[in-house]
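**Student:** You'll find query.pdb just under this line, and it carries PDB, C-alpha atoms.
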ATOM      1  CA  MET N   1       0.000   0.000   0.000  1.00  0.00           C
ATOM      2  CA  LYS N   2       1.344   3.334  -0.935  1.00  0.00           C
ATOM      3  CA  ASN N   3      -1.284   5.808   0.165  1.00  0.00           C
ATOM      4  CA  ILE N   4      -4.185   6.460   2.486  1.00  0.00           C
ATOM      5  CA  ASP N   5      -6.796   6.045  -0.252  1.00  0.00           C
ATOM      6  CA  GLU N   6      -5.637   2.462  -0.903  1.00  0.00           C
ATOM      7  CA  ILE N   7      -5.911   1.666   2.800  1.00  0.00           C
ATOM      8  CA  ALA N   8      -9.369   3.245   2.972  1.00  0.00           C
ATOM      9  CA  ALA N   9     -10.486   1.134  -0.015  1.00  0.00           C
ATOM     10  CA  LEU N  10      -9.170  -1.979   1.724  1.00  0.00           C
ATOM     11  CA  PHE N  11     -11.151  -1.096   4.851  1.00  0.00           C
ATOM     12  CA  ILE N  12     -14.349  -0.687   2.828  1.00  0.00           C
ATOM     13  CA  GLU N  13     -13.790  -3.974   1.015  1.00  0.00           C
ATOM     14  CA  GLN N  14     -13.043  -5.897   4.217  1.00  0.00           C
ATOM     15  CA  ARG N  15     -15.971  -4.380   6.105  1.00  0.00           C
ATOM     16  CA  LYS N  16     -18.327  -5.414   3.308  1.00  0.00           C
ATOM     17  CA  LYS N  17     -16.806  -8.919   3.181  1.00  0.00           C
ATOM     18  CA  LEU N  18     -17.555  -9.237   6.886  1.00  0.00           C
ATOM     19  CA  GLY N  19     -21.121  -7.979   6.317  1.00  0.00           C
ATOM     20  CA  ILE N  20     -20.644  -5.032   8.676  1.00  0.00           C
ATOM     21  CA  GLU N  21     -22.286  -1.631   8.275  1.00  0.00           C
ATOM     22  CA  GLN N  22     -20.376   1.523   9.192  1.00  0.00           C
ATOM     23  CA  LYS N  23     -22.747   2.090  12.109  1.00  0.00           C
ATOM     24  CA  ASP N  24     -21.827  -1.334  13.499  1.00  0.00           C
ATOM     25  CA  MET N  25     -18.189  -0.326  13.904  1.00  0.00           C
ATOM     26  CA  TYR N  26     -19.146   1.316  17.196  1.00  0.00           C
ATOM     27  CA  MET N  27     -19.841  -2.103  18.679  1.00  0.00           C
ATOM     28  CA  ARG N  28     -16.619  -3.552  17.267  1.00  0.00           C
ATOM     29  CA  ILE N  29     -14.151  -0.770  18.004  1.00  0.00           C
ATOM     30  CA  GLY N  30     -15.976   1.880  20.014  1.00  0.00           C
ATOM     31  CA  MET N  31     -15.964   4.392  17.181  1.00  0.00           C
ATOM     32  CA  LYS N  32     -19.031   6.354  16.056  1.00  0.00           C
ATOM     33  CA  GLN N  33     -20.200   6.044  12.464  1.00  0.00           C
ATOM     34  CA  GLN N  34     -19.128   9.602  11.623  1.00  0.00           C
ATOM     35  CA  GLN N  35     -15.609   8.974  12.921  1.00  0.00           C
ATOM     36  CA  TYR N  36     -15.338   5.741  10.966  1.00  0.00           C
ATOM     37  CA  GLN N  37     -16.774   7.376   7.808  1.00  0.00           C
ATOM     38  CA  ARG N  38     -13.892   9.854   7.885  1.00  0.00           C
ATOM     39  CA  ILE N  39     -11.392   6.982   7.927  1.00  0.00           C
ATOM     40  CA  GLU N  40     -13.059   5.300   4.944  1.00  0.00           C
ATOM     41  CA  ALA N  41     -13.043   8.690   3.196  1.00  0.00           C
ATOM     42  CA  GLY N  42      -9.254   8.683   3.427  1.00  0.00           C
ATOM     43  CA  ASN N  43      -8.680  11.071   6.322  1.00  0.00           C
ATOM     44  CA  ASP N  44      -5.386  10.731   8.144  1.00  0.00           C
ATOM     45  CA  VAL N  45      -5.506   8.792  11.428  1.00  0.00           C
ATOM     46  CA  LYS N  46      -3.264   8.199  14.408  1.00  0.00           C
ATOM     47  CA  LEU N  47      -1.497   4.865  14.629  1.00  0.00           C
ATOM     48  CA  SER N  48      -3.540   3.877  17.695  1.00  0.00           C
ATOM     49  CA  THR N  49      -6.748   4.491  15.728  1.00  0.00           C
ATOM     50  CA  LEU N  50      -5.427   2.497  12.780  1.00  0.00           C
ATOM     51  CA  LEU N  51      -4.685  -0.447  15.064  1.00  0.00           C
ATOM     52  CA  ARG N  52      -8.218  -0.309  16.516  1.00  0.00           C
ATOM     53  CA  VAL N  53      -9.743  -0.330  13.026  1.00  0.00           C
ATOM     54  CA  LEU N  54      -7.514  -3.193  11.880  1.00  0.00           C
ATOM     55  CA  GLU N  55      -8.519  -5.246  14.916  1.00  0.00           C
ATOM     56  CA  GLY N  56     -12.206  -4.525  14.303  1.00  0.00           C
ATOM     57  CA  LEU N  57     -11.914  -5.640  10.680  1.00  0.00           C
ATOM     58  CA  ASP N  58      -9.909  -8.787  11.478  1.00  0.00           C
ATOM     59  CA  LEU N  59      -6.834  -7.370   9.733  1.00  0.00           C
ATOM     60  CA  GLU N  60      -3.259  -6.949  10.873  1.00  0.00           C
ATOM     61  CA  LEU N  61      -0.460  -4.528  10.112  1.00  0.00           C
ATOM     62  CA  SER N  62       2.656  -5.804   8.372  1.00  0.00           C
ATOM     63  CA  ILE N  63       5.715  -3.628   7.803  1.00  0.00           C
ATOM     64  CA  VAL N  64       8.315  -4.782   5.293  1.00  0.00           C
ATOM     65  CA  PRO N  65      11.277  -3.120   3.572  1.00  0.00           C
ATOM     66  CA  LYS N  66      10.471  -1.295   0.334  1.00  0.00           C
ATOM     67  CA  GLY N  67      10.507  -3.489  -2.731  1.00  0.00           C
ATOM     68  CA  ARG N  68       9.567  -6.615  -0.817  1.00  0.00           C
ATOM     69  CA  LYS N  69       6.162  -8.180  -0.679  1.00  0.00           C
ATOM     70  CA  ALA N  70       4.789  -9.294   2.671  1.00  0.00           C
ATOM     71  CA  ALA N  71       5.308 -12.984   3.277  1.00  0.00           C
ATOM     72  CA  PRO N  72       2.242 -15.167   2.850  1.00  0.00           C
ATOM     73  CA  SER N  73       0.156 -15.475   5.972  1.00  0.00           C
ATOM     74  CA  SER N  74       1.440 -18.065   8.372  1.00  0.00           C
ATOM     75  CA  VAL N  75      -1.949 -18.583  10.010  1.00  0.00           C
ATOM     76  CA  GLU N  76      -2.256 -22.057   8.514  1.00  0.00           C
ATOM     77  CA  THR N  77       1.235 -22.963   9.670  1.00  0.00           C
ATOM     78  CA  VAL N  78       0.484 -21.770  13.199  1.00  0.00           C
ATOM     79  CA  ALA N  79      -2.833 -23.636  13.267  1.00  0.00           C
ATOM     80  CA  ASP N  80      -1.125 -26.814  12.048  1.00  0.00           C
ATOM     81  CA  SER N  81       1.629 -26.576  14.637  1.00  0.00           C
ATOM     82  CA  GLN N  82      -0.900 -25.883  17.392  1.00  0.00           C
ATOM     83  CA  SER N  83      -2.932 -28.949  16.536  1.00  0.00           C
ATOM     84  CA  THR N  84       0.284 -30.982  16.417  1.00  0.00           C
ATOM     85  CA  LEU N  85       1.122 -29.718  19.901  1.00  0.00           C
ATOM     86  CA  GLY N  86      -2.396 -30.485  21.121  1.00  0.00           C
ATOM     87  CA  ILE N  87      -3.324 -26.866  21.723  1.00  0.00           C
ATOM     88  CA  GLY N  88      -7.046 -26.255  21.337  1.00  0.00           C
ATOM     89  CA  LYS N  89      -8.841 -23.079  20.293  1.00  0.00           C
ATOM     90  CA  ASN N  90     -10.196 -22.456  23.790  1.00  0.00           C
ATOM     91  CA  GLU N  91      -6.681 -22.425  25.192  1.00  0.00           C
ATOM     92  CA  LEU N  92      -5.808 -19.577  22.827  1.00  0.00           C
ATOM     93  CA  ALA N  93      -8.822 -17.373  23.599  1.00  0.00           C
ATOM     94  CA  ASP N  94      -8.086 -13.694  24.173  1.00  0.00           C
ATOM     95  CA  ASP N  95      -7.824 -12.541  27.734  1.00  0.00           C
ATOM     96  CA  SER N  96     -10.323  -9.924  28.809  1.00  0.00           C
ATOM     97  CA  ASP N  97      -7.478  -7.579  29.761  1.00  0.00           C
ATOM     98  CA  ASP N  98      -6.583  -7.355  26.054  1.00  0.00           C
ATOM     99  CA  LEU N  99      -9.742  -5.289  25.592  1.00  0.00           C
ATOM    100  CA  ASP N 100      -8.312  -2.612  27.878  1.00  0.00           C
ATOM    101  CA  PHE N 101      -5.206  -2.477  25.699  1.00  0.00           C
ATOM    102  CA  TRP N 102      -7.232  -1.807  22.542  1.00  0.00           C
ATOM    103  CA  PHE N 103     -10.135   0.208  23.877  1.00  0.00           C
ATOM    104  CA  GLY N 104      -9.076   1.565  27.247  1.00  0.00           C
ATOM    105  CA  SER N 105      -6.844   4.359  26.025  1.00  0.00           C
ATOM    106  CA  GLY N 106      -9.605   6.970  26.190  1.00  0.00           C
ATOM    107  CA  ASP N 107      -7.748   9.156  23.706  1.00  0.00           C
ATOM    108  CA  GLY N 108     -10.957  10.046  21.857  1.00  0.00           C
ATOM    109  CA  ALA N 109      -9.496   9.132  18.470  1.00  0.00           C
TER     110      ALA N 109
END
Here is a file; write its structure as C-alpha coordinates.

**Tutor:**
Amino acid sequence: MKNIDEIAALFIEQRKKLGIEQKDMYMRIGMKQQQYQRIEAGNDVKLSTLLRVLEGLDLELSIVPKGRKAAPSSVETVADSQSTLGIGKNELADDSDDLDFWFGSGDGA
(Lines of atoms letter the chains of each structure in order from A and count residues from 1; the text may use other names and numbers.)
(Lines give C-alpha, C1' and ligand atoms only; values in the text may rest on other atoms or scores of the structure.)
Protein backbone atom coordinates (compact mmCIF):
# COMPACT_ATOMS: atom_id res chain seq x y z
CA MET A 1 0.00 0.00 0.00
CA LYS A 2 1.34 3.33 -0.94
CA ASN A 3 -1.28 5.81 0.17
CA ILE A 4 -4.18 6.46 2.49
CA ASP A 5 -6.80 6.05 -0.25
CA GLU A 6 -5.64 2.46 -0.90
CA ILE A 7 -5.91 1.67 2.80
CA ALA A 8 -9.37 3.25 2.97
CA ALA A 9 -10.49 1.13 -0.01
CA LEU A 10 -9.17 -1.98 1.72
CA PHE A 11 -11.15 -1.10 4.85
CA ILE A 12 -14.35 -0.69 2.83
CA GLU A 13 -13.79 -3.97 1.02
CA GLN A 14 -13.04 -5.90 4.22
CA ARG A 15 -15.97 -4.38 6.10
CA LYS A 16 -18.33 -5.41 3.31
CA LYS A 17 -16.81 -8.92 3.18
CA LEU A 18 -17.56 -9.24 6.89
CA GLY A 19 -21.12 -7.98 6.32
CA ILE A 20 -20.64 -5.03 8.68
CA GLU A 21 -22.29 -1.63 8.28
CA GLN A 22 -20.38 1.52 9.19
CA LYS A 23 -22.75 2.09 12.11
CA ASP A 24 -21.83 -1.33 13.50
CA MET A 25 -18.19 -0.33 13.90
CA TYR A 26 -19.15 1.32 17.20
CA MET A 27 -19.84 -2.10 18.68
CA ARG A 28 -16.62 -3.55 17.27
CA ILE A 29 -14.15 -0.77 18.00
CA GLY A 30 -15.98 1.88 20.01
CA MET A 31 -15.96 4.39 17.18
CA LYS A 32 -19.03 6.35 16.06
CA GLN A 33 -20.20 6.04 12.46
CA GLN A 34 -19.13 9.60 11.62
CA GLN A 35 -15.61 8.97 12.92
CA TYR A 36 -15.34 5.74 10.97
CA GLN A 37 -16.77 7.38 7.81
CA ARG A 38 -13.89 9.85 7.89
CA ILE A 39 -11.39 6.98 7.93
CA GLU A 40 -13.06 5.30 4.94
CA ALA A 41 -13.04 8.69 3.20
CA GLY A 42 -9.25 8.68 3.43
CA ASN A 43 -8.68 11.07 6.32
CA ASP A 44 -5.39 10.73 8.14
CA VAL A 45 -5.51 8.79 11.43
CA LYS A 46 -3.26 8.20 14.41
CA LEU A 47 -1.50 4.87 14.63
CA SER A 48 -3.54 3.88 17.70
CA THR A 49 -6.75 4.49 15.73
CA LEU A 50 -5.43 2.50 12.78
CA LEU A 51 -4.68 -0.45 15.06
CA ARG A 52 -8.22 -0.31 16.52
CA VAL A 53 -9.74 -0.33 13.03
CA LEU A 54 -7.51 -3.19 11.88
CA GLU A 55 -8.52 -5.25 14.92
CA GLY A 56 -12.21 -4.52 14.30
CA LEU A 57 -11.91 -5.64 10.68
CA ASP A 58 -9.91 -8.79 11.48
CA LEU A 59 -6.83 -7.37 9.73
CA GLU A 60 -3.26 -6.95 10.87
CA LEU A 61 -0.46 -4.53 10.11
CA SER A 62 2.66 -5.80 8.37
CA ILE A 63 5.72 -3.63 7.80
CA VAL A 64 8.31 -4.78 5.29
CA PRO A 65 11.28 -3.12 3.57
CA LYS A 66 10.47 -1.29 0.33
CA GLY A 67 10.51 -3.49 -2.73
CA ARG A 68 9.57 -6.62 -0.82
CA LYS A 69 6.16 -8.18 -0.68
CA ALA A 70 4.79 -9.29 2.67
CA ALA A 71 5.31 -12.98 3.28
CA PRO A 72 2.24 -15.17 2.85
CA SER A 73 0.16 -15.48 5.97
CA SER A 74 1.44 -18.07 8.37
CA VAL A 75 -1.95 -18.58 10.01
CA GLU A 76 -2.26 -22.06 8.51
CA THR A 77 1.24 -22.96 9.67
CA VAL A 78 0.48 -21.77 13.20
CA ALA A 79 -2.83 -23.64 13.27
CA ASP A 80 -1.13 -26.81 12.05
CA SER A 81 1.63 -26.58 14.64
CA GLN A 82 -0.90 -25.88 17.39
CA SER A 83 -2.93 -28.95 16.54
CA THR A 84 0.28 -30.98 16.42
CA LEU A 85 1.12 -29.72 19.90
CA GLY A 86 -2.40 -30.48 21.12
CA ILE A 87 -3.32 -26.87 21.72
CA GLY A 88 -7.05 -26.26 21.34
CA LYS A 89 -8.84 -23.08 20.29
CA ASN A 90 -10.20 -22.46 23.79
CA GLU A 91 -6.68 -22.42 25.19
CA LEU A 92 -5.81 -19.58 22.83
CA ALA A 93 -8.82 -17.37 23.60
CA ASP A 94 -8.09 -13.69 24.17
CA ASP A 95 -7.82 -12.54 27.73
CA SER A 96 -10.32 -9.92 28.81
CA ASP A 97 -7.48 -7.58 29.76
CA ASP A 98 -6.58 -7.35 26.05
CA LEU A 99 -9.74 -5.29 25.59
CA ASP A 100 -8.31 -2.61 27.88
CA PHE A 101 -5.21 -2.48 25.70
CA TRP A 102 -7.23 -1.81 22.54
CA PHE A 103 -10.13 0.21 23.88
CA GLY A 104 -9.08 1.57 27.25
CA SER A 105 -6.84 4.36 26.02
CA GLY A 106 -9.61 6.97 26.19
CA ASP A 107 -7.75 9.16 23.71
CA GLY A 108 -10.96 10.05 21.86
CA ALA A 109 -9.50 9.13 18.47

**Student:** Please enumerate the residues selected by the PyMOL selection byres ((chain N and resi 31-45) around 6) when evaluated against the supplied file, formatted as a PyMOL selection string.

**Tutor:** chain N and resi 4-5+8+22-23+26+29-30+46

**Student:** Which polymer residues have any atom within 8 Å of an atom of range 53-64 of chain N, counting all atoms listed in the file, with same-chain residues fewer than 2 positions away left out, as a list in words?

**Tutor:**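 Here the qualifying residues turn out to be Phe11, Gln14, Arg15, Leu18, Met25, Arg28, Ile29, Thr49, Leu50, Leu51, Lys66, Arg68, Lys69 and Ala70 of chain N.
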
**Student:** Put the listed atoms of range 37-41 of chain N in a box along x, y and z with 6 Å added on every side and give me the centre and edge lengths in Å to one decimal, as lines of an AutoDock Vina configuration file.

**Tutor:**
center_x = -14.1
center_y = 7.6
center_z = 5.6
size_x = 17.4
size_y = 16.6
size_z = 16.7

**Student:** Report, in Å with one decimal, the straight-line distance from CA of Ile7 in chain N to CA of Asp24 in chain N.

**Tutor:**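 Pair CA of Ile7 in chain N / CA of Asp24 in chain N returns 19.4 Å.
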